[in-house]
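Peer 1: Let me give you the structure first, and then I'll get to my questions.
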Amino acid sequence: MSEVIKLIPGLPTGATVQERIEHGREARKRLPRKAFADWSPPADRPSAVDLLTSQEGTRVPMLVPVRHARMAVSPFTFYRGAAIVMASDLGQSPNTDLWAQLCGDAHLSNFGAFGSAERNLVFDVNDFDETSPGPFEWDLMRLAASFILAGRDNQIPDSESKDFATTAALAYQKVMMVAAERPNLANWYTVFTPEQILDYAQTMLDTKQLQKTRKRLDLTVQKAKSRDTWSAIKKLTEVGPTGQRRFLNQPPLLVRVADLPQAAGIKEGMFEALSTTFEQTLGYDRQALLQRYRLIDVAHKVVGVGSVGLPALIGLLQGRDDDDLMVLQFKAAEASVLEKWTRPSPFSEHGQRVVVGQRLMQSSGDPFLGWVTGPRGVHFYGRQLRDFKFSVDLNGLKRGQFVGYAALCGATLAMAHARAGDPIALSAYMGKGKSFPNAIAQFAITYANLTDEDYKEFTTAIADGKLAVDDGTTADAGLVNVTPSDDDDDVTKQDVVEGDSVEPSAASAADTLAADAEGKAASTDGAGS
């Protein structure tokens, strides 16, 4: 246990329930809950542009303008790529010192559905490039502000978008309260499936809206399940002159390594890494399965917004014959943007940092999730490129749909923190009233306004020629209007709930979650007020 506590100081260490409650309440003295509503930027705040350009020294130079173009679409897309800016702001502000394993970039587009190892479709946090232990509220603050900015992208007034942020925080609070009362195993095994999403919808929608939601969700599940390995293979590969599958060459967004003279040896080095280091980070069962495949091609594939420019390789693997193929993705992992403000990673490889954080926070992960150091010393983490993935299309989302999605994201984040933090202490800090979620929502408005200012600075730098953009390339590729997930630049986008006039009902959603759990822990009635 002592080694695990070194990874996440917020985990309980044998203290009694009452001691954990008192620990959470004590944090109110360090940072009163209403203080979030009064948040202001730190003095001597660095330039957002300077922070962003400080990340670009390790990126592929020809792709940096693509990153700028994707971020320049709107204040929301800028926010998605500017995790380092918010980390700097929050890192210099007072915090609760109640730690959990954090996503580190928990905006609303970094949630989505994917296939579990058991072949079920689950909804969860799906991006962990910045994962690191830290004060729990940082993830929630980033999530809440993203709803304001996404609302503005959809021409929704702040008076309504503030309800989305409140709903996300309220769902987080209520579900954490439930988690504080349940056995550890119940929290560990809780997953969000399409059936549970419908349970949420039933608490918020009338009969007609629920029928529409059920139909839409059925279509979403069908489309998500069609997004398997072969859908990626059909989109990204062709049959070469030798009769063997190979990746397409569509520079700069998809480039076969074999077509790059300066990349000699990368395929061989990747094969060596796959068959040794990466394989050893998987369980023995996955090792046995991976050994049945051989690497036949490698390409570089641009993904996301903030991560554009970092090395991102995909490997095409063949098994028993030409019809037995698999695509693995290997994304470069650098130091988390949180580490400057929390502590350095205890892992020698940042790919391992990402994998450990993901395994701690997700209810069910990719069976091929592992890490490796590439042939040129770059840290990578690996996983399947596609496995039943979908994310929510934010364009044109209606108010009721935003409310439902906010409740789902808030609840999901709470369960992730409950697995990798102390739900009793966190619940005790937040209490049962609305002062905490209301304060978080007010912070979200403040930070969205600050992001608007940063966005203006960023676009001015582009207009002045200080930052290059690759408008032609991204426009021709249909990628200026960036896709909704930083996790994958090619996701099917679907709505979660249907309806225009739905009121927040996070408490009902939490009650539904509680009813699904098997058993109850000892009562923590004193956990908050």
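Numbering starts fresh at 1 for the residues of each chain in the structure tokens, the chains themselves are lettered A, B, ... in the order given, and ligands are numbered from 1 as they appear.
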Mind checking DSSP for stretch 79-196 of chain A and telling me the helix (DSSP H, G or I) residues as an NGL selection string?
Peer 2: :A and (79-81 or 83-91 or 108-110 or 137-153 or 158-180 or 184-189 or 194-196)
Peer 1: Export, as a PDB file, in the first residue's frame, the selected residues with C-alpha atoms.
Peer 2:
ATOM      1  CA  TYR A  79      -9.538  25.727 -24.835  1.00  0.00           C
ATOM      2  CA  ARG A  80      -9.315  22.079 -25.849  1.00  0.00           C
ATOM      3  CA  GLY A  81      -5.723  22.555 -26.940  1.00  0.00           C
ATOM      4  CA  ALA A  83      -4.551  22.458 -21.070  1.00  0.00           C
ATOM      5  CA  ILE A  84      -1.161  23.933 -20.188  1.00  0.00           C
ATOM      6  CA  VAL A  85      -2.720  27.387 -19.784  1.00  0.00           C
ATOM      7  CA  MET A  86      -5.385  26.261 -17.327  1.00  0.00           C
ATOM      8  CA  ALA A  87      -2.871  24.125 -15.438  1.00  0.00           C
ATOM      9  CA  SER A  88      -0.749  27.235 -14.939  1.00  0.00           C
ATOM     10  CA  ASP A  89      -3.745  29.245 -13.732  1.00  0.00           C
ATOM     11  CA  LEU A  90      -5.006  26.623 -11.287  1.00  0.00           C
ATOM     12  CA  GLY A  91      -1.527  25.642 -10.158  1.00  0.00           C
ATOM     13  CA  LEU A 108     -16.487  17.637 -22.193  1.00  0.00           C
ATOM     14  CA  SER A 109     -15.048  16.294 -25.470  1.00  0.00           C
ATOM     15  CA  ASN A 110     -12.704  13.961 -23.609  1.00  0.00           C
ATOM     16  CA  GLU A 137     -11.378  20.089  -8.162  1.00  0.00           C
ATOM     17  CA  TRP A 138      -9.045  20.866 -11.064  1.00  0.00           C
ATOM     18  CA  ASP A 139     -10.720  18.251 -13.288  1.00  0.00           C
ATOM     19  CA  LEU A 140     -14.191  19.442 -12.335  1.00  0.00           C
ATOM     20  CA  MET A 141     -13.310  23.086 -12.945  1.00  0.00           C
ATOM     21  CA  ARG A 142     -12.018  22.241 -16.424  1.00  0.00           C
ATOM     22  CA  LEU A 143     -15.158  20.251 -17.193  1.00  0.00           C
ATOM     23  CA  ALA A 144     -17.495  23.009 -16.008  1.00  0.00           C
ATOM     24  CA  ALA A 145     -15.777  25.765 -18.006  1.00  0.00           C
ATOM     25  CA  SER A 146     -15.887  23.632 -21.144  1.00  0.00           C
ATOM     26  CA  PHE A 147     -19.691  23.587 -20.996  1.00  0.00           C
ATOM     27  CA  ILE A 148     -19.824  27.389 -21.026  1.00  0.00           C
ATOM     28  CA  LEU A 149     -17.519  27.583 -24.039  1.00  0.00           C
ATOM     29  CA  ALA A 150     -19.315  24.801 -25.908  1.00  0.00           C
ATOM     30  CA  GLY A 151     -22.602  26.547 -25.184  1.00  0.00           C
ATOM     31  CA  ARG A 152     -21.257  29.760 -26.686  1.00  0.00           C
ATOM     32  CA  ASP A 153     -20.174  27.799 -29.753  1.00  0.00           C
ATOM     33  CA  ASP A 158     -24.460  32.087 -20.619  1.00  0.00           C
ATOM     34  CA  SER A 159     -27.579  32.199 -18.457  1.00  0.00           C
ATOM     35  CA  GLU A 160     -28.490  28.778 -19.875  1.00  0.00           C
ATOM     36  CA  SER A 161     -24.962  27.392 -20.246  1.00  0.00           C
ATOM     37  CA  LYS A 162     -24.406  28.128 -16.578  1.00  0.00           C
ATOM     38  CA  ASP A 163     -27.101  25.528 -15.895  1.00  0.00           C
ATOM     39  CA  PHE A 164     -24.982  22.983 -17.786  1.00  0.00           C
ATOM     40  CA  ALA A 165     -21.967  23.727 -15.591  1.00  0.00           C
ATOM     41  CA  THR A 166     -24.128  23.590 -12.466  1.00  0.00           C
ATOM     42  CA  THR A 167     -25.587  20.261 -13.578  1.00  0.00           C
ATOM     43  CA  ALA A 168     -22.142  18.755 -14.166  1.00  0.00           C
ATOM     44  CA  ALA A 169     -20.961  19.855 -10.714  1.00  0.00           C
ATOM     45  CA  LEU A 170     -24.208  18.773  -9.051  1.00  0.00           C
ATOM     46  CA  ALA A 171     -24.061  15.336 -10.676  1.00  0.00           C
ATOM     47  CA  TYR A 172     -20.443  15.028  -9.544  1.00  0.00           C
ATOM     48  CA  GLN A 173     -21.419  15.992  -5.991  1.00  0.00           C
ATOM     49  CA  LYS A 174     -24.414  13.645  -5.806  1.00  0.00           C
ATOM     50  CA  VAL A 175     -22.639  10.647  -7.302  1.00  0.00           C
ATOM     51  CA  MET A 176     -19.628  11.187  -5.033  1.00  0.00           C
ATOM     52  CA  MET A 177     -22.049  11.211  -2.104  1.00  0.00           C
ATOM     53  CA  VAL A 178     -23.366   7.832  -3.274  1.00  0.00           C
ATOM     54  CA  ALA A 179     -19.827   6.509  -3.751  1.00  0.00           C
ATOM     55  CA  ALA A 180     -18.930   7.575  -0.200  1.00  0.00           C
ATOM     56  CA  ASN A 184     -15.033  -0.095  -2.429  1.00  0.00           C
ATOM     57  CA  LEU A 185     -15.719  -2.964  -4.829  1.00  0.00           C
ATOM     58  CA  ALA A 186     -19.093  -1.491  -5.806  1.00  0.00           C
ATOM     59  CA  ASN A 187     -17.347   1.718  -6.868  1.00  0.00           C
ATOM     60  CA  TRP A 188     -14.582  -0.168  -8.629  1.00  0.00           C
ATOM     61  CA  TYR A 189     -16.984  -2.207 -10.756  1.00  0.00           C
ATOM     62  CA  PRO A 194     -26.194   2.450 -22.802  1.00  0.00           C
ATOM     63  CA  GLU A 195     -28.805   0.943 -20.503  1.00  0.00           C
ATOM     64  CA  GLN A 196     -27.688   3.169 -17.643  1.00  0.00           C
TER      65      GLN A 196
END
Peer 1: Skipping near chain neighbours, those fewer than 2 positions away, what residues fall within 8 Å of A:Pro42 using only C-alpha atoms, listed as a list in words?
Peer 2: Ser40, Asp44, Arg45, Asp89, Gln92 and Ser93 of chain A
Peer 1: With C-alpha atoms retained, could you export that selection as a PDB file, in the first residue's frame?
Peer 2:
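Dumped everything to selection39.pdb:
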ATOM      1  CA  SER A  40      -9.460  35.475 -10.278  1.00  0.00           C
ATOM      2  CA  ASP A  44       1.843  38.069 -13.235  1.00  0.00           C
ATOM      3  CA  ARG A  45      -0.071  35.557 -15.332  1.00  0.00           C
ATOM      4  CA  ASP A  89      -3.745  29.245 -13.732  1.00  0.00           C
ATOM      5  CA  GLN A  92      -0.935  29.184  -8.910  1.00  0.00           C
ATOM      6  CA  SER A  93      -4.296  29.373  -7.129  1.00  0.00           C
TER       7      SER A  93
END
Peer 1: Where in stretch 343-452 of chain A does DSSP assign strand (DSSP E), given as a list in words?
Peer 2: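 Taking stretch 343-452 of chain A and keeping strand (DSSP E) only, one gets Gly370, Trp371, Val372, Thr373, His379, Phe380, Tyr381, Gly382, Arg383, Gln384, Phe390 and Ser391 of chain A.
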Peer 1: Do you have, as a tab-separated table, the list of residues of stretch 323-345 of chain A lying at most 10 Å from stretch 285-298 of chain A, each with its nearest atom pair and that distance in Å to one decimal, counting only C-alpha atoms and ordered by chain then number?
Peer 2:
residue	atom	partner	partner_atom	distance
A:Asp324	CA	A:Tyr293	CA	8.7
A:Leu325	CA	A:Tyr293	CA	8.2
A:Met326	CA	A:Tyr293	CA	8.4
A:Val327	CA	A:Leu295	CA	9.5
A:Leu328	CA	A:Val298	CA	9.7
A:Gln329	CA	A:Val298	CA	9.8
Peer 1: Can you work out which one of A:Leu31, A:Val392, A:Ile21, A:Leu467 has the shortest atom-to-atom distance to A:Asn95, counting only C-alpha atoms?
Peer 2: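 The closest residue to A:Asn95 is A:Leu31.
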Peer 1: Stretch 376-387 of chain A: which residues within 7 Å, counting only C-alpha atoms, same-chain residues fewer than 2 positions away excluded, as number ranges by chain?
Peer 2: A: 114-115, 227-229, 232, 327-333, 349-351, 355, 366, 368-374, 389
